[in-house]
Each structure stands twice: as C-alpha cells, then as structure tokens.
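target.txt follows (compact mmCIF, N, CA and C atoms):
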# COMPACT_ATOMS: atom_id res chain seq x y z
N MET N 1 109.59 -71.86 227.18
CA MET N 1 110.52 -72.97 227.29
C MET N 1 109.72 -74.27 227.13
N ASP N 2 110.14 -75.11 226.20
CA ASP N 2 109.42 -76.36 225.98
C ASP N 2 109.82 -77.42 227.01
N LYS N 3 109.07 -78.51 227.01
CA LYS N 3 109.28 -79.56 228.01
C LYS N 3 110.69 -80.15 227.94
N THR N 4 111.21 -80.36 226.74
CA THR N 4 112.55 -80.93 226.58
C THR N 4 113.61 -80.02 227.19
N THR N 5 113.47 -78.71 226.98
CA THR N 5 114.42 -77.75 227.55
C THR N 5 114.31 -77.73 229.07
N CYS N 6 113.09 -77.83 229.60
CA CYS N 6 112.89 -77.88 231.06
C CYS N 6 113.57 -79.11 231.66
N ILE N 7 113.42 -80.24 231.00
CA ILE N 7 114.07 -81.47 231.47
C ILE N 7 115.58 -81.32 231.45
N GLN N 8 116.10 -80.75 230.37
CA GLN N 8 117.55 -80.54 230.26
C GLN N 8 118.05 -79.62 231.36
N LEU N 9 117.31 -78.55 231.65
CA LEU N 9 117.70 -77.61 232.69
C LEU N 9 117.72 -78.29 234.06
N LEU N 10 116.71 -79.09 234.35
CA LEU N 10 116.69 -79.84 235.60
C LEU N 10 117.89 -80.77 235.70
N GLU N 11 118.18 -81.50 234.64
CA GLU N 11 119.31 -82.43 234.65
C GLU N 11 120.64 -81.72 234.80
N GLU N 12 120.79 -80.53 234.19
CA GLU N 12 122.03 -79.76 234.34
C GLU N 12 122.28 -79.36 235.79
N HIS N 13 121.21 -79.29 236.55
CA HIS N 13 121.30 -78.91 237.97
C HIS N 13 121.22 -80.13 238.89
N ASP N 14 121.42 -81.30 238.33
CA ASP N 14 121.39 -82.56 239.08
C ASP N 14 120.07 -82.78 239.82
N ILE N 15 118.96 -82.47 239.15
CA ILE N 15 117.63 -82.67 239.70
C ILE N 15 116.89 -83.65 238.80
N LYS N 16 116.33 -84.69 239.41
CA LYS N 16 115.56 -85.68 238.66
C LYS N 16 114.31 -85.01 238.10
N PRO N 17 114.07 -85.08 236.79
CA PRO N 17 112.95 -84.38 236.17
C PRO N 17 111.61 -85.13 236.31
N THR N 18 110.99 -85.00 237.48
CA THR N 18 109.67 -85.59 237.69
C THR N 18 108.60 -84.73 237.03
N ALA N 19 107.41 -85.26 236.87
CA ALA N 19 106.32 -84.52 236.22
C ALA N 19 106.03 -83.21 236.95
N ASN N 20 105.95 -83.24 238.29
CA ASN N 20 105.67 -82.02 239.05
C ASN N 20 106.77 -80.98 238.89
N ARG N 21 108.02 -81.41 238.94
CA ARG N 21 109.14 -80.47 238.82
C ARG N 21 109.15 -79.81 237.44
N ILE N 22 108.83 -80.58 236.42
CA ILE N 22 108.79 -80.03 235.07
C ILE N 22 107.70 -78.95 234.97
N VAL N 23 106.54 -79.21 235.57
CA VAL N 23 105.44 -78.24 235.55
C VAL N 23 105.85 -76.95 236.27
N VAL N 24 106.54 -77.07 237.41
CA VAL N 24 106.97 -75.88 238.15
C VAL N 24 108.00 -75.09 237.34
N VAL N 25 108.95 -75.77 236.71
CA VAL N 25 109.93 -75.08 235.86
C VAL N 25 109.23 -74.38 234.70
N GLU N 26 108.27 -75.04 234.08
CA GLU N 26 107.55 -74.42 232.96
C GLU N 26 106.81 -73.16 233.43
N ALA N 27 106.21 -73.21 234.61
CA ALA N 27 105.49 -72.04 235.14
C ALA N 27 106.45 -70.89 235.40
N LEU N 28 107.60 -71.19 235.98
CA LEU N 28 108.60 -70.14 236.24
C LEU N 28 109.14 -69.58 234.93
N ALA N 29 109.40 -70.44 233.97
CA ALA N 29 109.98 -70.01 232.70
C ALA N 29 109.00 -69.16 231.88
N SER N 30 107.72 -69.39 232.03
CA SER N 30 106.73 -68.66 231.24
C SER N 30 106.40 -67.29 231.83
N SER N 31 106.91 -67.00 233.01
CA SER N 31 106.63 -65.72 233.64
C SER N 31 107.74 -64.72 233.35
N MET N 32 107.36 -63.49 233.12
CA MET N 32 108.34 -62.43 232.89
C MET N 32 108.85 -61.83 234.19
N LEU N 33 108.15 -62.12 235.31
CA LEU N 33 108.47 -61.54 236.61
C LEU N 33 108.72 -62.65 237.62
N PRO N 34 109.52 -62.40 238.64
CA PRO N 34 109.67 -63.38 239.72
C PRO N 34 108.29 -63.65 240.36
N GLN N 35 108.06 -64.90 240.72
CA GLN N 35 106.75 -65.34 241.22
C GLN N 35 106.78 -65.68 242.70
N SER N 36 105.71 -65.35 243.41
CA SER N 36 105.56 -65.78 244.80
C SER N 36 104.98 -67.19 244.80
N LEU N 37 105.04 -67.84 245.94
CA LEU N 37 104.45 -69.18 246.07
C LEU N 37 102.95 -69.11 245.78
N ALA N 38 102.27 -68.08 246.28
CA ALA N 38 100.82 -67.93 246.05
C ALA N 38 100.52 -67.77 244.56
N GLU N 39 101.35 -66.99 243.85
CA GLU N 39 101.13 -66.82 242.41
C GLU N 39 101.34 -68.13 241.67
N LEU N 40 102.37 -68.87 242.05
CA LEU N 40 102.60 -70.17 241.41
C LEU N 40 101.47 -71.13 241.70
N GLU N 41 100.97 -71.10 242.93
CA GLU N 41 99.86 -71.98 243.29
C GLU N 41 98.62 -71.66 242.45
N ARG N 42 98.35 -70.39 242.20
CA ARG N 42 97.20 -70.01 241.36
C ARG N 42 97.41 -70.42 239.90
N ARG N 43 98.67 -70.35 239.44
CA ARG N 43 98.96 -70.69 238.04
C ARG N 43 98.98 -72.20 237.81
N ILE N 44 99.41 -72.94 238.83
CA ILE N 44 99.54 -74.40 238.69
C ILE N 44 98.40 -75.06 239.47
N GLN N 45 97.35 -75.36 238.80
CA GLN N 45 96.17 -75.94 239.45
C GLN N 45 96.29 -77.45 239.68
N THR N 46 97.27 -78.09 239.05
CA THR N 46 97.38 -79.55 239.12
C THR N 46 98.28 -80.04 240.26
N ILE N 47 98.96 -79.12 240.95
CA ILE N 47 99.88 -79.51 242.02
C ILE N 47 99.53 -78.71 243.27
N ASP N 48 99.49 -79.37 244.43
CA ASP N 48 99.17 -78.65 245.65
C ASP N 48 100.34 -77.81 246.13
N LYS N 49 100.04 -76.88 247.04
CA LYS N 49 101.01 -75.90 247.52
C LYS N 49 102.25 -76.55 248.13
N SER N 50 102.06 -77.62 248.90
CA SER N 50 103.22 -78.25 249.57
C SER N 50 104.17 -78.88 248.55
N ASN N 51 103.64 -79.45 247.48
CA ASN N 51 104.52 -80.03 246.46
C ASN N 51 105.23 -78.95 245.64
N ILE N 52 104.56 -77.83 245.40
CA ILE N 52 105.22 -76.72 244.72
C ILE N 52 106.35 -76.20 245.59
N PHE N 53 106.08 -76.03 246.89
CA PHE N 53 107.10 -75.53 247.81
C PHE N 53 108.28 -76.49 247.90
N ARG N 54 108.02 -77.80 247.95
CA ARG N 54 109.12 -78.77 247.99
C ARG N 54 109.98 -78.68 246.73
N ALA N 55 109.34 -78.52 245.59
CA ALA N 55 110.10 -78.38 244.33
C ALA N 55 110.96 -77.12 244.38
N LEU N 56 110.39 -76.01 244.83
CA LEU N 56 111.14 -74.75 244.92
C LEU N 56 112.30 -74.86 245.88
N THR N 57 112.09 -75.53 247.00
CA THR N 57 113.17 -75.72 247.98
C THR N 57 114.32 -76.53 247.36
N LEU N 58 113.98 -77.60 246.66
CA LEU N 58 114.99 -78.40 245.98
C LEU N 58 115.70 -77.58 244.90
N PHE N 59 114.93 -76.81 244.15
CA PHE N 59 115.52 -75.97 243.10
C PHE N 59 116.50 -74.96 243.70
N ARG N 60 116.15 -74.41 244.85
CA ARG N 60 117.03 -73.44 245.50
C ARG N 60 118.33 -74.11 245.95
N GLU N 61 118.22 -75.30 246.51
CA GLU N 61 119.41 -76.04 246.97
C GLU N 61 120.36 -76.36 245.82
N HIS N 62 119.81 -76.54 244.62
CA HIS N 62 120.60 -76.90 243.44
C HIS N 62 120.85 -75.70 242.52
N HIS N 63 120.60 -74.50 243.01
CA HIS N 63 120.86 -73.26 242.27
C HIS N 63 120.11 -73.18 240.94
N LEU N 64 118.88 -73.70 240.94
CA LEU N 64 118.03 -73.58 239.76
C LEU N 64 117.11 -72.37 239.87
N VAL N 65 116.86 -71.89 241.07
CA VAL N 65 116.07 -70.66 241.25
C VAL N 65 116.82 -69.69 242.14
N HIS N 66 116.53 -68.41 241.92
CA HIS N 66 116.95 -67.34 242.81
C HIS N 66 115.76 -67.03 243.70
N THR N 67 116.01 -66.65 244.91
CA THR N 67 114.94 -66.15 245.76
C THR N 67 115.17 -64.67 246.00
N ILE N 68 114.08 -63.94 245.95
CA ILE N 68 114.13 -62.50 246.12
C ILE N 68 113.25 -62.13 247.29
N GLU N 69 113.84 -61.48 248.29
CA GLU N 69 113.07 -61.00 249.44
C GLU N 69 112.51 -59.63 249.10
N GLY N 70 111.35 -59.35 249.66
CA GLY N 70 110.84 -58.00 249.50
C GLY N 70 109.43 -57.97 248.97
N GLY N 71 108.90 -56.77 248.91
CA GLY N 71 107.53 -56.63 248.48
C GLY N 71 106.58 -57.03 249.60
N SER N 72 105.33 -57.02 249.30
CA SER N 72 104.32 -57.29 250.33
C SER N 72 104.03 -58.77 250.52
N ASP N 73 104.47 -59.60 249.60
CA ASP N 73 104.12 -61.02 249.70
C ASP N 73 105.32 -61.93 249.95
N GLY N 74 106.38 -61.41 250.53
CA GLY N 74 107.51 -62.23 250.95
C GLY N 74 108.41 -62.66 249.81
N ILE N 75 108.80 -63.92 249.84
CA ILE N 75 109.80 -64.45 248.91
C ILE N 75 109.19 -64.66 247.52
N ARG N 76 110.00 -64.30 246.52
CA ARG N 76 109.64 -64.56 245.13
C ARG N 76 110.73 -65.44 244.52
N TYR N 77 110.37 -66.18 243.49
CA TYR N 77 111.27 -67.13 242.85
C TYR N 77 111.37 -66.83 241.37
N GLU N 78 112.59 -67.00 240.84
CA GLU N 78 112.80 -66.90 239.40
C GLU N 78 113.84 -67.93 238.99
N LEU N 79 113.75 -68.38 237.76
CA LEU N 79 114.73 -69.34 237.27
C LEU N 79 116.10 -68.70 237.19
N CYS N 80 117.09 -69.47 237.58
CA CYS N 80 118.48 -69.08 237.47
C CYS N 80 118.94 -69.53 236.08
N HIS N 81 119.59 -68.66 235.37
CA HIS N 81 120.04 -69.02 234.02
C HIS N 81 121.45 -69.55 234.00
N SER N 82 121.99 -69.80 235.17
CA SER N 82 123.28 -70.46 235.30
C SER N 82 123.08 -71.93 234.91
N HIS N 83 124.12 -72.55 234.48
CA HIS N 83 124.02 -73.98 234.16
C HIS N 83 124.90 -74.79 235.09
N SER N 84 124.86 -74.42 236.37
CA SER N 84 125.66 -75.11 237.36
C SER N 84 124.79 -75.43 238.57
N HIS N 85 124.97 -76.60 239.13
CA HIS N 85 124.19 -76.99 240.30
C HIS N 85 124.88 -76.58 241.60
N ASP N 86 126.08 -76.01 241.53
CA ASP N 86 126.78 -75.68 242.78
C ASP N 86 127.06 -74.20 242.97
N HIS N 87 126.71 -73.33 242.02
CA HIS N 87 126.84 -71.89 242.23
C HIS N 87 125.99 -71.11 241.22
N ASP N 88 125.69 -69.87 241.57
CA ASP N 88 124.94 -68.98 240.68
C ASP N 88 125.92 -68.04 240.00
N ASP N 89 125.82 -67.92 238.68
CA ASP N 89 126.69 -66.97 238.00
C ASP N 89 125.88 -65.91 237.25
N ASP N 90 124.61 -65.79 237.60
CA ASP N 90 123.79 -64.77 236.95
C ASP N 90 123.02 -63.91 237.96
N GLN N 91 123.66 -63.61 239.08
CA GLN N 91 123.05 -62.76 240.08
C GLN N 91 122.81 -61.36 239.51
N HIS N 92 121.68 -60.77 239.85
CA HIS N 92 121.36 -59.43 239.40
C HIS N 92 120.41 -58.78 240.40
N PRO N 93 120.35 -57.44 240.44
CA PRO N 93 119.45 -56.77 241.37
C PRO N 93 118.00 -56.78 240.86
N HIS N 94 117.10 -56.42 241.75
CA HIS N 94 115.68 -56.36 241.45
C HIS N 94 115.11 -55.03 241.92
N PHE N 95 113.99 -54.66 241.33
CA PHE N 95 113.32 -53.41 241.65
C PHE N 95 111.88 -53.73 242.00
N TYR N 96 111.41 -53.24 243.16
CA TYR N 96 110.03 -53.43 243.58
C TYR N 96 109.28 -52.12 243.39
N CYS N 97 108.21 -52.14 242.62
CA CYS N 97 107.39 -50.96 242.38
C CYS N 97 106.25 -50.95 243.40
N GLU N 98 106.21 -49.90 244.21
CA GLU N 98 105.16 -49.79 245.22
C GLU N 98 103.79 -49.50 244.61
N VAL N 99 103.76 -48.93 243.40
CA VAL N 99 102.49 -48.61 242.76
C VAL N 99 101.81 -49.88 242.24
N CYS N 100 102.53 -50.64 241.41
CA CYS N 100 101.93 -51.85 240.82
C CYS N 100 102.20 -53.10 241.65
N GLN N 101 103.05 -52.98 242.65
CA GLN N 101 103.40 -54.07 243.57
C GLN N 101 103.98 -55.28 242.85
N GLN N 102 104.83 -55.01 241.87
CA GLN N 102 105.52 -56.06 241.13
C GLN N 102 107.02 -55.93 241.35
N THR N 103 107.71 -57.05 241.28
CA THR N 103 109.17 -57.07 241.37
C THR N 103 109.72 -57.32 239.98
N TYR N 104 110.65 -56.47 239.55
CA TYR N 104 111.23 -56.55 238.22
C TYR N 104 112.72 -56.87 238.30
N CYS N 105 113.20 -57.67 237.36
CA CYS N 105 114.63 -57.97 237.25
C CYS N 105 115.34 -56.82 236.56
N LEU N 106 116.51 -56.51 237.04
CA LEU N 106 117.37 -55.52 236.40
C LEU N 106 118.55 -56.29 235.81
N ASP N 107 118.27 -57.02 234.75
CA ASP N 107 119.25 -57.94 234.17
C ASP N 107 120.54 -57.29 233.71
N GLY N 108 120.49 -56.09 233.21
CA GLY N 108 121.69 -55.46 232.67
C GLY N 108 122.55 -54.76 233.70
N VAL N 109 122.21 -54.88 234.98
CA VAL N 109 122.93 -54.17 236.04
C VAL N 109 123.76 -55.18 236.84
N GLU N 110 125.07 -54.95 236.92
CA GLU N 110 125.93 -55.84 237.71
C GLU N 110 125.85 -55.47 239.19
N LEU N 111 125.89 -56.46 240.04
CA LEU N 111 125.94 -56.22 241.47
C LEU N 111 127.36 -55.87 241.87
N PRO N 112 127.54 -54.84 242.68
CA PRO N 112 128.90 -54.54 243.15
C PRO N 112 129.34 -55.62 244.13
N LYS N 113 130.63 -55.89 244.16
CA LYS N 113 131.15 -56.87 245.09
C LYS N 113 131.45 -56.17 246.41
N PRO N 114 130.70 -56.49 247.47
CA PRO N 114 130.93 -55.82 248.75
C PRO N 114 132.19 -56.33 249.44
N ALA N 115 132.79 -55.46 250.23
CA ALA N 115 133.94 -55.86 251.04
C ALA N 115 133.40 -56.58 252.28
N VAL N 116 133.98 -57.71 252.59
CA VAL N 116 133.56 -58.46 253.78
C VAL N 116 134.76 -58.57 254.72
N PRO N 117 134.50 -58.81 256.01
CA PRO N 117 135.61 -58.92 256.96
C PRO N 117 136.58 -60.03 256.57
N GLN N 118 137.84 -59.86 256.95
CA GLN N 118 138.86 -60.86 256.66
C GLN N 118 138.46 -62.19 257.27
N GLY N 119 138.68 -63.26 256.53
CA GLY N 119 138.35 -64.60 257.00
C GLY N 119 136.97 -65.08 256.55
N PHE N 120 136.22 -64.22 255.85
CA PHE N 120 134.90 -64.60 255.35
C PHE N 120 134.89 -64.54 253.84
N GLU N 121 133.97 -65.27 253.25
CA GLU N 121 133.82 -65.25 251.80
C GLU N 121 132.35 -65.04 251.48
N ILE N 122 132.09 -64.44 250.33
CA ILE N 122 130.73 -64.20 249.87
C ILE N 122 130.24 -65.45 249.17
N ARG N 123 129.06 -65.86 249.55
CA ARG N 123 128.41 -67.00 248.90
C ARG N 123 127.00 -66.59 248.54
N SER N 124 126.47 -67.10 247.45
CA SER N 124 125.08 -66.80 247.12
C SER N 124 124.19 -67.57 248.07
N GLY N 125 123.02 -67.06 248.28
CA GLY N 125 122.07 -67.71 249.17
C GLY N 125 122.13 -67.12 250.56
N PRO N 126 121.39 -67.72 251.49
CA PRO N 126 121.21 -67.13 252.80
C PRO N 126 122.32 -67.43 253.80
N HIS N 127 123.34 -68.16 253.41
CA HIS N 127 124.34 -68.60 254.36
C HIS N 127 125.71 -67.97 254.07
N CYS N 128 126.49 -67.78 255.10
CA CYS N 128 127.87 -67.38 254.89
C CYS N 128 128.74 -68.47 255.52
N GLN N 129 129.96 -68.50 255.12
CA GLN N 129 130.85 -69.54 255.63
C GLN N 129 132.20 -68.93 255.94
N SER N 130 132.65 -69.14 257.12
CA SER N 130 133.98 -68.66 257.52
C SER N 130 135.03 -69.58 256.93
N GLU N 131 136.10 -68.99 256.44
CA GLU N 131 137.20 -69.81 255.93
C GLU N 131 137.95 -70.40 257.11
N SER N 132 138.27 -71.65 257.06
CA SER N 132 139.01 -72.29 258.17
C SER N 132 140.42 -72.57 257.78

Can the structure from this file be put into structure tokens for me?
Amino acid sequence: MDKTTCIQLLEEHDIKPTANRIVVVEALASSMLPQSLAELERRIQTIDKSNIFRALTLFREHHLVHTIEGGSDGIRYELCHSHSHDHDDDQHPHFYCEVCQQTYCLDGVELPKPAVPQGFEIRSGPHCQSES
C-alpha cells in the first residue's frame, strides 16, 4: 500500500494522517499476518513503543484495525478493510498455529451470528450495549 492510499484510508476512518500514523498503517499493510505490538516495534525503528500503541488505540476506536486475542504474545493487530469509521464489516475468524506460533486470517470463512439474550445487541469490539 503506497503512502497516498494509507492517507486515504486514515481519512476514510476520520483519522488525521500524521507522519507516525502513516508509518504504522504502512507497516500493518505490508504484513501478511496480524502483528503484535512487539513485532510492530521491531519493524518500525523510527517510532517508540508508546507512540505506536497510541496510534493502534486510535485506529481501534475508529475501526481501522481489528484486534485478535490469542497466541503466546497477547493482542495482535491487522488492518480492517472496511471503509467506515463507525463499524466493521469485514470480520473474519483467525487460526493460531501452535507449531509456528503465527496467527493466520481465514478471510473466506464467515463468522456465524450467535444468538444473544433478548435486549442485547452484538457489537464489534470488546463492549456490549444493552438496548434501552
């Protein structure tokens, strides 16, 4: 993904395209696998860990990245291919290989819609919200 496309993607998600944010998006886009914070820190030598984490936190709030729990190194991040800053429309499952210790996207597999108790709705991310 070139710099112009990274800037456009940030703007589509209502994120100001600063130099650091563009570098983080480029690093995520150039990876074939979801990345941990430690992996991104090793790949991006020009930005310190706290600034990478702040960018990722902002990206998560604006639905520019998915977070994947699991594996031995905690949370992993991947670019969301949705073009909306208020919801994810490209959710997909992941597979963690215990042998190579990598997390892989299963892009062609749809997630089943789980049944939730009456009065609740499914939302992407770590939060749920009761309907009032």

### Query
To one decimal place, how far is CA of Val23 (chain N) from CA of Cys6 (chain N) in Å?
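CA of Cys6 (chain N) lies at a distance of 8.7 Å from CA of Val23 (chain N).
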
### Task
Could you find all residues in region 2-99 of chain N that DSSP calls alpha helix (DSSP H) from the backbone, and write them as a PyMOL selection string?
chain N and resi 3-12+19-29+37-43+49-61

### Within 8 Å of region 52-55 of chain N using all atoms listed in the file, minus same-chain residues under 5 positions, as JSON, numbers by chain
{"N": [20, 21, 24, 37, 40, 41, 47, 60, 61]}

### Query
Pick from N:Pro114, N:Pro34, N:Pro17, N:Gly108: nearest to Tyr77 (chain N), with all atoms listed in the file counted?
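The answer is N:Pro34, which sits nearest to Tyr77 (chain N).
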
For the interface of region 29-81 of chain N with region 11-14 of chain N (cut-off 12 Å, counting only C-alpha atoms), please tabulate each contacting residue of region 29-81 of chain N alongside its nearest pair of atoms and their separation in Å to one decimal, rows sorted by chain and increasing number, as CSV.
residue,atom,partner,partner_atom,distance
N:Leu58,CA,N:His13,CA,10.2
N:Phe59,CA,N:His13,CA,8.3
N:Arg60,CA,N:His13,CA,10.2
N:Glu61,CA,N:His13,CA,9.6
N:His62,CA,N:His13,CA,5.9
N:His63,CA,N:His13,CA,7.1
N:Leu64,CA,N:His13,CA,6.5
N:Val65,CA,N:His13,CA,10.3
N:Leu79,CA,N:His13,CA,11.6
N:Cys80,CA,N:His13,CA,10.2
N:His81,CA,N:His13,CA,10.7

### Query
Taking into account all atoms listed in the file, which residue in the set N:Ser36, N:Thr18, N:Ser50, N:Gln45 is nearest to Glu78 (chain N)?
N:Ser36

### Message
Between CA of Lys3 (chain N) and CA of Ala38 (chain N), what distance in Å does the model show, to one decimal?
### Response
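For CA of Lys3 (chain N) relative to CA of Ala38 (chain N), the distance reads 23.1 Å.
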
### Task
Grab the CA of Thr57 (chain N) to CA of Ala27 (chain N) distance for me, in Å with one decimal place.
15.4 Å

Have region 108-119 of chain N completed to all heavy atoms, please, and pass it along as a CSV table (one decimal), in the coordinates of the input.
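Final output, out.csv:
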chain,number,residue,atom,x,y,z
N,108,GLY,N,120.5,-56.1,233.2
N,108,GLY,CA,121.7,-55.5,232.7
N,108,GLY,C,122.6,-54.8,233.7
N,108,GLY,O,123.5,-54.1,233.4
N,109,VAL,N,122.2,-54.9,235.0
N,109,VAL,CA,122.9,-54.2,236.0
N,109,VAL,C,123.8,-55.2,236.8
N,109,VAL,O,123.2,-56.1,237.4
N,109,VAL,CB,122.0,-53.4,237.0
N,109,VAL,CG1,122.7,-52.7,238.1
N,109,VAL,CG2,121.1,-52.5,236.2
N,110,GLU,N,125.1,-55.0,236.9
N,110,GLU,CA,125.9,-55.8,237.7
N,110,GLU,C,125.8,-55.5,239.2
N,110,GLU,O,125.8,-54.3,239.5
N,110,GLU,CB,127.4,-55.7,237.2
N,110,GLU,CG,127.6,-56.5,235.9
N,110,GLU,CD,129.1,-56.6,235.7
N,110,GLU,OE1,129.9,-56.8,236.6
N,110,GLU,OE2,129.4,-56.5,234.5
N,111,LEU,N,125.9,-56.5,240.0
N,111,LEU,CA,125.9,-56.2,241.5
N,111,LEU,C,127.4,-55.9,241.9
N,111,LEU,O,128.3,-56.5,241.5
N,111,LEU,CB,125.5,-57.5,242.2
N,111,LEU,CG,124.0,-57.8,242.2
N,111,LEU,CD1,123.8,-59.2,242.8
N,111,LEU,CD2,123.2,-56.8,242.9
N,112,PRO,N,127.5,-54.8,242.7
N,112,PRO,CA,128.9,-54.5,243.2
N,112,PRO,C,129.3,-55.6,244.1
N,112,PRO,O,128.5,-56.2,244.8
N,112,PRO,CB,128.7,-53.2,243.9
N,112,PRO,CG,127.3,-53.1,244.2
N,112,PRO,CD,126.6,-53.9,243.2
N,113,LYS,N,130.6,-55.9,244.2
N,113,LYS,CA,131.2,-56.9,245.1
N,113,LYS,C,131.4,-56.2,246.4
N,113,LYS,O,132.4,-55.3,246.5
N,113,LYS,CB,132.4,-57.5,244.5
N,113,LYS,CG,132.9,-58.7,245.4
N,113,LYS,CD,134.1,-59.4,244.8
N,113,LYS,CE,134.5,-60.5,245.7
N,113,LYS,NZ,135.5,-61.3,245.1
N,114,PRO,N,130.7,-56.5,247.5
N,114,PRO,CA,130.9,-55.8,248.8
N,114,PRO,C,132.2,-56.3,249.4
N,114,PRO,O,132.6,-57.5,249.2
N,114,PRO,CB,129.7,-56.2,249.6
N,114,PRO,CG,129.2,-57.5,249.0
N,114,PRO,CD,129.6,-57.4,247.5
N,115,ALA,N,132.8,-55.5,250.2
N,115,ALA,CA,133.9,-55.9,251.0
N,115,ALA,C,133.4,-56.6,252.3
N,115,ALA,O,132.5,-56.1,252.9
N,115,ALA,CB,134.7,-54.6,251.5
N,116,VAL,N,134.0,-57.7,252.6
N,116,VAL,CA,133.6,-58.5,253.8
N,116,VAL,C,134.8,-58.6,254.7
N,116,VAL,O,135.9,-58.4,254.3
N,116,VAL,CB,133.0,-59.9,253.4
N,116,VAL,CG1,131.7,-59.8,252.6
N,116,VAL,CG2,134.0,-60.7,252.7
N,117,PRO,N,134.5,-58.8,256.0
N,117,PRO,CA,135.6,-58.9,257.0
N,117,PRO,C,136.6,-60.0,256.6
N,117,PRO,O,136.2,-61.0,255.9
N,117,PRO,CB,134.9,-59.3,258.3
N,117,PRO,CG,133.5,-58.8,258.1
N,117,PRO,CD,133.2,-59.0,256.7
N,118,GLN,N,137.8,-59.9,257.0
N,118,GLN,CA,138.9,-60.9,256.7
N,118,GLN,C,138.5,-62.2,257.3
N,118,GLN,O,138.0,-62.3,258.4
N,118,GLN,CB,140.2,-60.4,257.2
N,118,GLN,CG,141.3,-61.3,256.8
N,118,GLN,CD,142.7,-60.8,257.3
N,118,GLN,OE1,142.8,-59.7,257.8
N,118,GLN,NE2,143.7,-61.6,257.1
N,119,GLY,N,138.7,-63.3,256.5
N,119,GLY,CA,138.4,-64.6,257.0
N,119,GLY,C,137.0,-65.1,256.6
N,119,GLY,O,136.6,-66.2,256.8
